[in-house]
$ cat data_30.csv   # CSV, C-alpha atoms (C1' of nucleotides)
chain,number,residue,atom,x,y,z
A,1070,MET,CA,61.1,16.2,170.5
A,1071,ARG,CA,61.5,16.9,166.8
A,1072,MET,CA,64.1,19.3,165.6
A,1073,ASN,CA,63.2,21.9,163.0
A,1074,GLU,CA,63.5,20.7,159.5
A,1075,GLY,CA,65.2,23.9,158.6
A,1076,VAL,CA,68.3,23.0,160.5
A,1077,GLU,CA,69.2,20.4,157.8
A,1078,TRP,CA,68.5,22.9,155.0
A,1079,ALA,CA,70.6,25.6,156.7
A,1080,LEU,CA,73.6,23.4,157.3
A,1081,HIS,CA,73.6,22.2,153.7
A,1082,SER,CA,73.2,25.7,152.4
A,1083,CYS,CA,76.0,27.1,154.5
A,1084,LEU,CA,78.2,24.4,153.3
A,1085,ASN,CA,77.3,25.1,149.7
A,1086,LEU,CA,78.1,28.8,150.3
A,1087,THR,CA,81.6,28.0,151.3
A,1088,TRP,CA,82.3,27.0,147.7
A,1089,MET,CA,81.0,30.2,146.1
A,1090,ASP,CA,83.3,33.0,145.0
A,1091,PRO,CA,83.8,35.3,148.0
A,1092,GLY,CA,81.7,38.5,147.7
A,1093,ARG,CA,79.3,36.6,145.4
A,1094,ALA,CA,75.8,36.5,146.9
A,1095,VAL,CA,73.4,33.6,146.1
A,1096,PRO,CA,69.6,34.1,146.2
A,1097,ALA,CA,67.5,31.9,148.4
A,1098,ALA,CA,65.6,30.7,145.3
A,1099,ARG,CA,68.9,29.4,143.8
A,1100,LEU,CA,69.9,27.6,147.0
A,1101,ALA,CA,66.5,26.1,147.3
A,1102,ALA,CA,66.5,24.9,143.7
A,1103,PHE,CA,69.7,23.0,144.3
A,1104,TYR,CA,67.8,20.6,146.6
A,1105,ASP,CA,64.3,21.2,145.3
A,1106,LEU,CA,63.2,22.8,148.5
A,1107,PRO,CA,60.3,25.3,148.9
A,1108,ALA,CA,62.1,28.6,148.2
A,1109,ALA,CA,60.0,30.9,150.4
A,1110,TYR,CA,60.4,28.7,153.4
A,1111,LEU,CA,64.2,28.3,153.0
A,1112,ASN,CA,64.3,32.0,152.7
A,1113,LYS,CA,62.7,32.2,156.1
A,1114,GLN,CA,65.5,30.0,157.6
A,1115,LEU,CA,68.2,32.0,155.9
A,1116,GLN,CA,66.7,35.2,157.4
A,1117,ALA,CA,67.2,33.6,160.8
A,1118,LEU,CA,70.8,32.9,160.0
A,1119,ALA,CA,71.2,36.5,158.9
A,1120,ARG,CA,69.7,37.8,162.1
A,1121,ALA,CA,72.2,35.6,164.0
A,1122,GLY,CA,75.1,37.1,162.1
A,1123,ILE,CA,76.0,34.0,160.3
A,1124,LEU,CA,75.0,35.2,156.9
A,1125,THR,CA,74.7,38.7,155.3
A,1126,SER,CA,71.8,39.5,153.1
A,1127,THR,CA,71.6,41.8,150.1
A,1128,SER,CA,68.4,43.0,148.4
A,1129,GLY,CA,67.9,43.7,144.7
A,1130,PRO,CA,69.4,42.2,141.6
A,1131,ARG,CA,72.6,40.2,142.1
A,1132,GLY,CA,71.6,40.1,145.7
A,1133,GLY,CA,71.2,37.1,148.0
A,1134,PHE,CA,73.0,35.6,150.9
A,1135,ARG,CA,76.7,35.0,151.6
A,1136,LEU,CA,78.6,33.9,154.7
A,1137,ALA,CA,79.2,36.7,157.1
A,1138,ARG,CA,82.4,35.3,158.5
A,1139,ARG,CA,84.9,32.6,157.7
A,1140,PRO,CA,83.7,29.0,157.8
A,1141,GLU,CA,86.2,28.3,160.7
A,1142,GLU,CA,84.2,30.7,162.8
A,1143,ILE,CA,80.8,29.1,162.2
A,1144,THR,CA,80.0,26.1,164.5
A,1145,LEU,CA,77.2,23.7,164.0
A,1146,LEU,CA,75.9,25.0,167.3
A,1147,ASP,CA,75.7,28.5,165.9
A,1148,VAL,CA,73.4,27.3,163.1
A,1149,VAL,CA,71.2,25.1,165.3
A,1150,VAL,CA,70.8,28.0,167.8
A,1151,ALA,CA,70.0,30.4,165.0
A,1152,ILE,CA,67.2,28.2,163.8
A,1153,GLU,CA,65.9,26.6,166.9
A,1154,GLY,CA,66.5,29.3,169.4
A,1155,ALA,CA,68.8,29.3,172.5
A,1156,GLU,CA,66.3,27.7,174.9
A,1157,ASP,CA,67.0,24.2,176.3
A,1158,ALA,CA,64.9,21.4,175.1
A,1159,PHE,CA,64.2,20.4,178.6
A,1160,ARG,CA,62.5,23.2,180.4
A,1161,CYS,CA,62.4,22.8,184.2
A,1162,GLU,CA,59.0,24.0,185.3
A,1163,GLN,CA,60.0,23.8,188.9
A,1164,ILE,CA,57.2,21.5,189.9
A,1165,LEU,CA,59.0,21.0,193.2
A,1166,LYS,CA,57.8,24.5,194.0
A,1167,LYS,CA,54.2,23.1,194.0
A,1168,GLY,CA,55.2,20.2,196.2
A,1169,PRO,CA,54.8,20.0,200.0
A,1170,GLY,CA,57.4,21.8,202.0
A,1171,ALA,CA,58.7,23.8,199.1
A,1172,ASP,CA,60.7,27.0,199.5
A,1173,PRO,CA,58.9,29.7,197.5
A,1174,GLU,CA,62.2,31.7,197.3
A,1175,ALA,CA,64.3,28.9,195.9
A,1176,ASP,CA,65.2,28.6,192.3
A,1177,TYR,CA,64.6,25.0,191.6
A,1178,ARG,CA,66.1,25.2,188.1
A,1179,LYS,CA,69.4,25.4,189.9
A,1180,ILE,CA,69.0,23.1,192.9
A,1181,CYS,CA,66.8,20.4,191.5
A,1182,LEU,CA,69.0,17.4,190.7
A,1183,ILE,CA,66.8,16.3,187.9
A,1184,SER,CA,67.1,19.6,186.3
A,1185,GLN,CA,70.8,19.6,186.7
A,1186,SER,CA,71.1,16.1,185.1
A,1187,MET,CA,69.1,17.1,182.1
A,1188,ARG,CA,71.0,20.3,181.7
A,1189,GLN,CA,74.3,18.4,181.9
A,1190,ALA,CA,73.2,16.1,179.1
A,1191,GLU,CA,72.2,19.0,176.9
A,1192,LEU,CA,75.5,20.6,177.7
A,1193,ALA,CA,77.3,17.5,176.3
A,1194,TYR,CA,75.1,17.8,173.2
A,1195,ARG,CA,75.9,21.5,172.7
A,1196,LYS,CA,79.6,20.9,173.4
A,1197,GLU,CA,79.7,18.3,170.6
A,1198,LEU,CA,78.0,20.7,168.2
A,1199,ALA,CA,80.2,23.6,169.2
A,1200,SER,CA,83.4,21.6,168.5
A,1201,ARG,CA,82.6,21.2,164.8
A,1202,THR,CA,82.7,24.0,162.3
A,1203,ILE,CA,81.4,24.5,158.8
A,1204,ALA,CA,85.1,24.5,157.8
A,1205,ASP,CA,85.5,21.0,159.3
A,1206,LEU,CA,82.6,19.8,157.2
A,1207,LYS,CA,84.0,21.4,154.1
A,1208,ALA,CA,87.4,19.8,154.6
A,1209,ASP,CA,85.9,16.4,155.2
A,1210,VAL,CA,83.7,16.6,152.1
A,1211,GLU,CA,86.6,17.7,150.0
A,1212,ARG,CA,88.7,14.8,151.2
A,1213,LEU,CA,86.0,12.1,150.9
A,1214,TYR,CA,84.2,13.5,147.8
A,1215,PRO,CA,86.7,15.5,145.8
A,1216,ALA,CA,84.3,16.0,142.9
A,1217,THR,CA,81.7,17.8,145.0
A,1218,PRO,CA,83.1,21.3,145.3
A,1219,GLY,CA,83.7,21.6,141.5
A,1220,ALA,CA,80.3,20.2,140.6
A,1221,THR,CA,78.5,22.4,143.1
A,1222,ARG,CA,80.3,25.5,141.9
A,1223,ALA,CA,79.6,24.6,138.3
A,1224,TRP,CA,75.9,24.1,139.0
A,1225,PHE,CA,75.5,27.4,140.7
A,1226,ALA,CA,77.5,29.2,138.0
A,1227,ASN,CA,75.7,27.6,135.0
A,1228,ALA,CA,72.2,26.6,135.8
A,1229,ARG,CA,69.7,29.2,134.8
A,1230,PRO,CA,66.2,28.2,136.0
B,1353,MET,CA,62.8,21.7,169.8
B,1354,ARG,CA,60.9,21.5,172.9
B,1355,MET,CA,60.9,18.4,175.0
B,1356,ASN,CA,57.7,16.9,176.3
B,1357,GLU,CA,56.6,18.4,179.6
B,1358,GLY,CA,55.8,14.9,180.8
B,1359,VAL,CA,59.5,13.9,181.0
B,1360,GLU,CA,59.9,16.2,184.0
B,1361,TRP,CA,56.8,14.8,185.6
B,1362,ALA,CA,57.8,11.2,184.9
B,1363,LEU,CA,61.3,11.6,186.4
B,1364,HIS,CA,60.0,13.2,189.6
B,1365,SER,CA,57.3,10.5,189.9
B,1366,CYS,CA,59.8,7.7,189.4
B,1367,LEU,CA,62.0,9.3,192.1
B,1368,ASN,CA,59.1,9.5,194.5
B,1369,LEU,CA,58.2,5.9,193.8
B,1370,THR,CA,61.7,4.8,195.0
B,1371,TRP,CA,60.7,6.0,198.5
B,1372,MET,CA,57.5,4.0,198.7
B,1373,ASP,CA,57.2,0.6,200.4
B,1374,PRO,CA,58.1,-2.1,197.9
B,1375,GLY,CA,55.0,-3.8,196.7
B,1376,ARG,CA,52.9,-0.8,197.4
B,1377,ALA,CA,51.3,0.8,194.4
B,1378,VAL,CA,50.5,4.5,194.2
B,1379,PRO,CA,47.6,5.8,192.0
B,1380,ALA,CA,48.3,8.3,189.4
B,1381,ALA,CA,46.0,10.8,191.1
B,1382,ARG,CA,48.1,10.7,194.3
B,1383,LEU,CA,51.3,11.2,192.4
B,1384,ALA,CA,49.7,14.1,190.5
B,1385,ALA,CA,48.4,15.7,193.7
B,1386,PHE,CA,51.9,15.8,195.2
B,1387,TYR,CA,52.9,18.4,192.6
B,1388,ASP,CA,49.4,19.7,191.8
B,1389,LEU,CA,49.5,18.3,188.3
B,1390,PRO,CA,46.6,17.4,186.0
B,1391,ALA,CA,45.9,13.8,187.1
B,1392,ALA,CA,44.6,12.4,183.8
B,1393,TYR,CA,47.5,13.7,181.8
B,1394,LEU,CA,50.1,12.4,184.3
B,1395,ASN,CA,48.3,9.1,184.0
B,1396,LYS,CA,48.9,9.2,180.3
B,1397,GLN,CA,52.7,9.6,180.8
B,1398,LEU,CA,52.8,6.8,183.4
B,1399,GLN,CA,51.0,4.6,181.0
B,1400,ALA,CA,53.9,5.2,178.6
B,1401,LEU,CA,56.4,4.2,181.3
B,1402,ALA,CA,54.4,1.1,181.9
B,1403,ARG,CA,54.4,0.2,178.2
B,1404,ALA,CA,58.2,0.6,178.3
B,1405,GLY,CA,58.6,-1.8,181.2
B,1406,ILE,CA,59.7,0.9,183.7
B,1407,LEU,CA,56.6,0.7,185.8
B,1408,THR,CA,54.0,-1.9,186.5
B,1409,SER,CA,50.3,-0.9,186.7
B,1410,THR,CA,47.6,-2.4,188.8
B,1411,SER,CA,43.9,-1.7,188.4
B,1412,GLY,CA,41.2,-1.5,191.0
B,1413,PRO,CA,41.3,-0.4,194.7
B,1414,ARG,CA,44.7,-0.2,196.2
B,1415,GLY,CA,46.0,-0.3,192.6
B,1416,GLY,CA,48.3,2.2,190.9
B,1417,PHE,CA,51.9,2.2,189.7
B,1418,ARG,CA,55.1,0.9,191.1
B,1419,LEU,CA,58.6,0.5,189.8
B,1420,ALA,CA,59.0,-2.5,187.6
B,1421,ARG,CA,62.7,-3.0,188.4
B,1422,ARG,CA,65.3,-1.7,190.8
B,1423,PRO,CA,66.2,2.0,190.5
B,1424,GLU,CA,69.8,1.0,189.6
B,1425,GLU,CA,68.4,-0.5,186.4
B,1426,ILE,CA,66.4,2.6,185.3
B,1427,THR,CA,68.4,5.2,183.5
B,1428,LEU,CA,67.3,8.7,182.7
B,1429,LEU,CA,67.5,7.8,179.0
B,1430,ASP,CA,65.0,5.0,179.6
B,1431,VAL,CA,62.5,7.5,180.9
B,1432,VAL,CA,63.1,10.0,178.2
B,1433,VAL,CA,62.8,7.4,175.5
B,1434,ALA,CA,59.6,6.0,177.0
B,1435,ILE,CA,58.0,9.4,176.9
B,1436,GLU,CA,59.5,11.0,173.8
B,1437,GLY,CA,60.0,8.0,171.6
B,1438,ALA,CA,63.3,6.5,170.3
B,1439,GLU,CA,63.6,8.7,167.2
B,1440,ASP,CA,66.4,11.2,166.9
B,1441,ALA,CA,65.6,14.8,167.2
B,1442,PHE,CA,67.5,15.5,164.0
B,1443,ARG,CA,65.9,13.6,161.2
B,1444,CYS,CA,68.0,13.4,158.1
B,1445,GLU,CA,65.6,13.8,155.2
B,1446,GLN,CA,68.4,13.0,152.7
B,1447,ILE,CA,68.0,16.2,150.8
B,1448,LEU,CA,71.3,15.3,149.0
B,1449,LYS,CA,69.2,12.8,147.1
B,1450,LYS,CA,67.3,15.6,145.5
B,1451,GLY,CA,70.6,17.4,144.5
B,1452,PRO,CA,72.4,17.2,141.2
B,1453,GLY,CA,74.5,14.1,140.7
B,1454,ALA,CA,72.9,12.2,143.5
B,1455,ASP,CA,73.1,8.4,143.8
B,1456,PRO,CA,69.5,7.1,144.1
B,1457,GLU,CA,70.7,3.9,145.7
B,1458,ALA,CA,72.9,5.6,148.4
B,1459,ASP,CA,71.7,5.9,152.0
B,1460,TYR,CA,72.6,9.5,152.8
B,1461,ARG,CA,71.6,9.1,156.4
B,1462,LYS,CA,74.9,7.1,156.7
B,1463,ILE,CA,77.2,8.9,154.3
B,1464,CYS,CA,76.1,12.5,154.7
B,1465,LEU,CA,78.7,14.2,156.9
B,1466,ILE,CA,76.1,16.6,158.3
B,1467,SER,CA,73.9,13.8,159.3
B,1468,GLN,CA,76.8,12.0,160.9
B,1469,SER,CA,77.8,15.1,162.9
B,1470,MET,CA,74.3,15.7,164.2
B,1471,ARG,CA,74.0,12.0,165.1
B,1472,GLN,CA,77.2,12.1,167.0
B,1473,ALA,CA,76.0,15.0,169.0
B,1474,GLU,CA,72.8,13.3,169.9
B,1475,LEU,CA,74.9,10.2,170.8
B,1476,ALA,CA,76.8,12.3,173.4
B,1477,TYR,CA,73.5,13.5,174.7
B,1478,ARG,CA,72.1,10.0,175.1
B,1479,LYS,CA,75.3,8.7,176.6
B,1480,GLU,CA,75.1,11.3,179.3
B,1481,LEU,CA,71.5,10.4,180.1
B,1482,ALA,CA,72.3,6.7,180.0
B,1483,SER,CA,75.1,7.1,182.5
B,1484,ARG,CA,72.7,8.3,185.2
B,1485,THR,CA,70.2,6.2,186.9
B,1486,ILE,CA,67.2,6.8,189.2
B,1487,ALA,CA,69.2,5.3,192.0
B,1488,ASP,CA,71.9,7.9,191.5
B,1489,LEU,CA,69.3,10.6,191.8
B,1490,LYS,CA,67.9,9.0,194.9
B,1491,ALA,CA,71.3,8.8,196.5
B,1492,ASP,CA,72.2,12.4,195.7
B,1493,VAL,CA,68.9,13.7,197.0
B,1494,GLU,CA,69.2,11.7,200.2
B,1495,ARG,CA,72.7,13.1,200.7
B,1496,LEU,CA,71.9,16.7,200.0
B,1497,TYR,CA,68.4,16.8,201.3
B,1498,PRO,CA,68.2,14.2,204.1
B,1499,ALA,CA,64.7,15.3,205.1
B,1500,THR,CA,63.1,14.7,201.7
B,1501,PRO,CA,62.7,10.9,201.8
B,1502,GLY,CA,60.9,10.8,205.2
B,1503,ALA,CA,58.7,13.8,204.3
B,1504,THR,CA,57.7,12.4,201.0
B,1505,ARG,CA,56.9,9.0,202.5
B,1506,ALA,CA,54.9,10.6,205.2
B,1507,TRP,CA,52.9,12.7,202.7
B,1508,PHE,CA,52.0,9.7,200.7
B,1509,ALA,CA,51.1,7.7,203.8
B,1510,ASN,CA,49.0,10.4,205.5
B,1511,ALA,CA,47.4,12.8,203.1
B,1512,ARG,CA,43.9,11.8,202.2
B,1513,PRO,CA,42.6,14.2,199.5
C,895,DG,C1',81.0,60.1,124.1
C,896,DT,C1',79.6,60.9,128.9
C,897,DC,C1',76.6,61.8,132.6
C,898,DT,C1',72.1,61.9,134.8
C,899,DG,C1',67.6,60.5,135.7
C,900,DC,C1',64.1,56.9,135.5
C,901,DA,C1',61.8,52.7,134.8
C,902,DT,C1',62.3,47.9,135.7
C,903,DA,C1',63.0,43.6,137.6
C,904,DC,C1',64.9,41.3,141.2
C,905,DT,C1',65.6,40.0,146.2
C,906,DC,C1',64.8,40.1,150.9
C,907,DG,C1',61.6,40.7,154.8
C,908,DG,C1',57.7,40.2,157.4
C,909,DA,C1',52.7,39.3,157.7
C,910,DT,C1',49.4,35.8,156.8
C,911,DA,C1',47.1,30.8,156.4
C,912,DA,C1',47.1,25.3,156.8
C,913,DG,C1',48.8,21.2,159.2
C,914,DA,C1',50.9,18.4,162.9
C,915,DG,C1',51.9,17.4,167.4
C,916,DC,C1',51.6,18.4,172.2
C,917,DT,C1',48.4,19.3,176.1
C,918,DG,C1',44.4,18.4,178.5
C,919,DT,C1',39.9,15.9,179.5
C,920,DC,C1',36.5,12.3,179.7
C,921,DC,C1',34.3,7.9,180.1
C,922,DG,C1',34.3,2.8,179.9
C,923,DA,C1',36.5,-2.0,181.2
C,924,DG,C1',38.2,-4.5,184.8
C,925,DT,C1',39.4,-5.5,189.6
C,926,DA,C1',39.9,-5.7,194.7
C,927,DG,C1',37.6,-5.1,198.8
C,928,DC,C1',33.4,-4.5,201.5
C,929,DT,C1',28.7,-5.8,202.7
C,930,DT,C1',25.3,-8.9,203.4
C,931,DA,C1',22.9,-13.0,203.6
C,932,DG,C1',23.0,-17.9,204.4
C,933,DG,C1',24.9,-22.2,206.5
D,418,DC,C1',31.0,-17.6,213.8
D,419,DC,C1',32.5,-18.7,209.0
D,420,DT,C1',31.8,-18.7,204.1
D,421,DA,C1',30.3,-17.1,199.7
D,422,DA,C1',28.0,-14.3,196.5
D,423,DG,C1',27.0,-9.8,195.0
D,424,DC,C1',27.7,-4.9,195.0
D,425,DT,C1',30.4,-0.9,195.3
D,426,DA,C1',34.0,2.0,194.5
D,427,DC,C1',38.4,2.6,192.7
D,428,DT,C1',42.0,2.5,189.1
D,429,DC,C1',44.0,2.1,184.7
D,430,DG,C1',43.4,2.4,179.7
D,431,DG,C1',42.4,4.3,175.5
D,432,DA,C1',39.3,7.5,172.8
D,433,DC,C1',38.1,12.4,172.2
D,434,DA,C1',38.8,18.0,171.9
D,435,DG,C1',41.7,22.6,172.4
D,436,DC,C1',45.8,24.9,171.7
D,437,DT,C1',50.7,25.9,170.5
D,438,DC,C1',54.3,25.4,167.3
D,439,DT,C1',56.0,24.0,162.9
D,440,DT,C1',55.4,24.2,158.0
D,441,DA,C1',54.2,26.6,154.0
D,442,DT,C1',52.9,30.6,151.1
D,443,DC,C1',52.2,35.3,149.6
D,444,DC,C1',52.8,40.2,148.8
D,445,DG,C1',55.1,44.6,149.8
D,446,DA,C1',59.6,47.6,150.6
D,447,DG,C1',63.9,48.5,149.0
D,448,DT,C1',67.8,48.4,145.7
D,449,DA,C1',71.1,47.6,142.0
D,450,DT,C1',70.9,47.3,137.1
D,451,DG,C1',70.2,48.7,132.5
D,452,DC,C1',68.2,52.0,129.4
D,453,DA,C1',67.0,56.4,127.5
D,454,DG,C1',67.7,61.0,126.8
D,455,DA,C1',70.1,65.4,127.4
D,456,DC,C1',74.5,67.8,127.4
$ encode --input "data_30.csv" --output "structure tokens"
Amino acid sequence: MRMNEGVEWALHSCLNLTWMDPGRAVPAARLAAFYDLPAAYLNKQLQALARAGILTSTSGPRGGFRLARRPEEITLLDVVVAIEGAEDAFRCEQILKKGPGADPEADYRKICLISQSMRQAELAYRKELASRTIADLKADVERLYPATPGATRAWFANARP
Amino acid sequence: MRMNEGVEWALHSCLNLTWMDPGRAVPAARLAAFYDLPAAYLNKQLQALARAGILTSTSGPRGGFRLARRPEEITLLDVVVAIEGAEDAFRCEQILKKGPGADPEADYRKICLISQSMRQAELAYRKELASRTIADLKADVERLYPATPGATRAWFANARP
DNA sequence: GTCTGCATACTCGGATAAGAGCTGTCCGAGTAGCTTAGG
DNA sequence: CCTAAGCTACTCGGACAGCTCTTATCCGAGTATGCAGAC
């Protein structure tokens, strides 16, 4: 059960975007260069975020990506779901239906206690992720590493590849 | 992020084993036939449970698998870890280390706030799974579906493929 | 000087390959029980 | 009848393919910009 690598990239990129001037789009290539990531592949992940309504994309010169809504309104769960999809990791295949004495009409995804337990655990996971926003991350970083926002902003403003 | 299919099989098989006579081993083929699963592949999953010390295996005629310890001492997390491995789903690749102004000595898996948040969510997930044992499942099934234990025991005692 | 049209370069977006991991299968090593022969 | 040796059949265990999903890359569609030329 390995999570998509792109989740880490997407979270860091969203965080970096919070420090950009509002209305200023950043190209995927620039975001990728910041961490020395493969640009085309990061672009793919950012596309997913755009489809999910987390980012807005602009084509052409001076185009790129920017946050579609305020950092307070973007949870970590939003980003994870945008990249990984909304499906649960544990997929109940209803093997009870193949067992003896099964009810062909029953929906074992609901009544199977194993399925319920696994779903409850994933619910706790999602709840934790949903309780934390990009704004929370931003605030914590600015408190613990006060130099980071300025340095990041400067890098994106100056560095010309 | 899809979880291994074998987790579902393993959990159901462990639960079924709680209803067997103690000291009585059940072959993988029999456990597989109960849900019409591919026997060789289920065998592979049960091997993993045996390696993890959840089951004990016996070769030869009248051999098979049985629970290695009491159902109260087997958590859902034990089973999931046995099949999926102990690694976290989210693997922090420390991309901050590639960024400008990074500290080559720092362990960003510990100080990166994104990594911390993701780990905290997985901790909640694991905590939930660890709080529920096979014995809990057994008790709930026996309460909600009183016919199941007897029917299961009878199937394993009678059915000769 | 100002406006308009055009060429240009830039960026996203989806279509297209390589690699890793999960899924599924097979056969060999080892063991318990049965059969058979001998005492 | 009892015992013991050998044989048989059964079961786990790990080694071996097929397939899906992740990872990575490339090229085309569309657009804002800047330039050139006409008014």
$ atom_distance --input "data_30.csv" --atom1 "atom CA of B:Arg1495" --atom2 "atom CA of A:Lys1167"
22.1 Å
$ closest_atom_pairs --input "data_30.csv" --of "stretch 1365-1477 of chain B" --to "stretch 1096-1113 of chain A" --cutoff "12 Å" --atoms "all atoms listed in the file" --output "JSON lines"
{"residue": "B:Glu1445", "atom": "CA", "partner": "A:Tyr1104", "partner_atom": "CA", "distance": 11.2}
{"residue": "B:Gln1446", "atom": "CA", "partner": "A:Tyr1104", "partner_atom": "CA", "distance": 9.8}
{"residue": "B:Ile1447", "atom": "CA", "partner": "A:Tyr1104", "partner_atom": "CA", "distance": 6.1}
{"residue": "B:Leu1448", "atom": "CA", "partner": "A:Tyr1104", "partner_atom": "CA", "distance": 6.8}
{"residue": "B:Lys1449", "atom": "CA", "partner": "A:Tyr1104", "partner_atom": "CA", "distance": 7.9}
{"residue": "B:Lys1450", "atom": "CA", "partner": "A:Tyr1104", "partner_atom": "CA", "distance": 5.1}
{"residue": "B:Gly1451", "atom": "CA", "partner": "A:Tyr1104", "partner_atom": "CA", "distance": 4.7}
{"residue": "B:Pro1452", "atom": "CA", "partner": "A:Phe1103", "partner_atom": "CA", "distance": 7.1}
{"residue": "B:Gly1453", "atom": "CA", "partner": "A:Phe1103", "partner_atom": "CA", "distance": 10.7}
{"residue": "B:Ala1454", "atom": "CA", "partner": "A:Tyr1104", "partner_atom": "CA", "distance": 10.3}
$ residues_around --input "data_30.csv" --residues "stretch 905-912 of chain C" --least-positions-apart "2" --cutoff "9 Å" --atoms "only C-alpha atoms (C1' of nucleotides)" --output "ChimeraX atom specification"
/A:1096-1097,1112-1113,1116,1126-1133 /D:440-444,446-448
$ atom_distance --input "data_30.csv" --atom1 "atom C1' of D:DC456" --atom2 "atom C1' of C:DC897"
8.2 Å
$ closest_residue --input "data_30.csv" --among "A:Cys1181, A:Ala1155, A:Ala1119, A:Ala1193" --to "chain B" --atoms "all atoms listed in the file"
A:Ala1193
$ residues_around --input "data_30.csv" --residues "B:Phe1417" --least-positions-apart "6" --cutoff "6 Å" --atoms "only C-alpha atoms (C1' of nucleotides)" --output "VMD selection string"
chain B and resid 1377 to 1378 1408 to 1409
$ atom_distance --input "data_30.csv" --atom1 "atom CA of B:Ser1365" --atom2 "atom CA of B:Ala1499"
17.6 Å
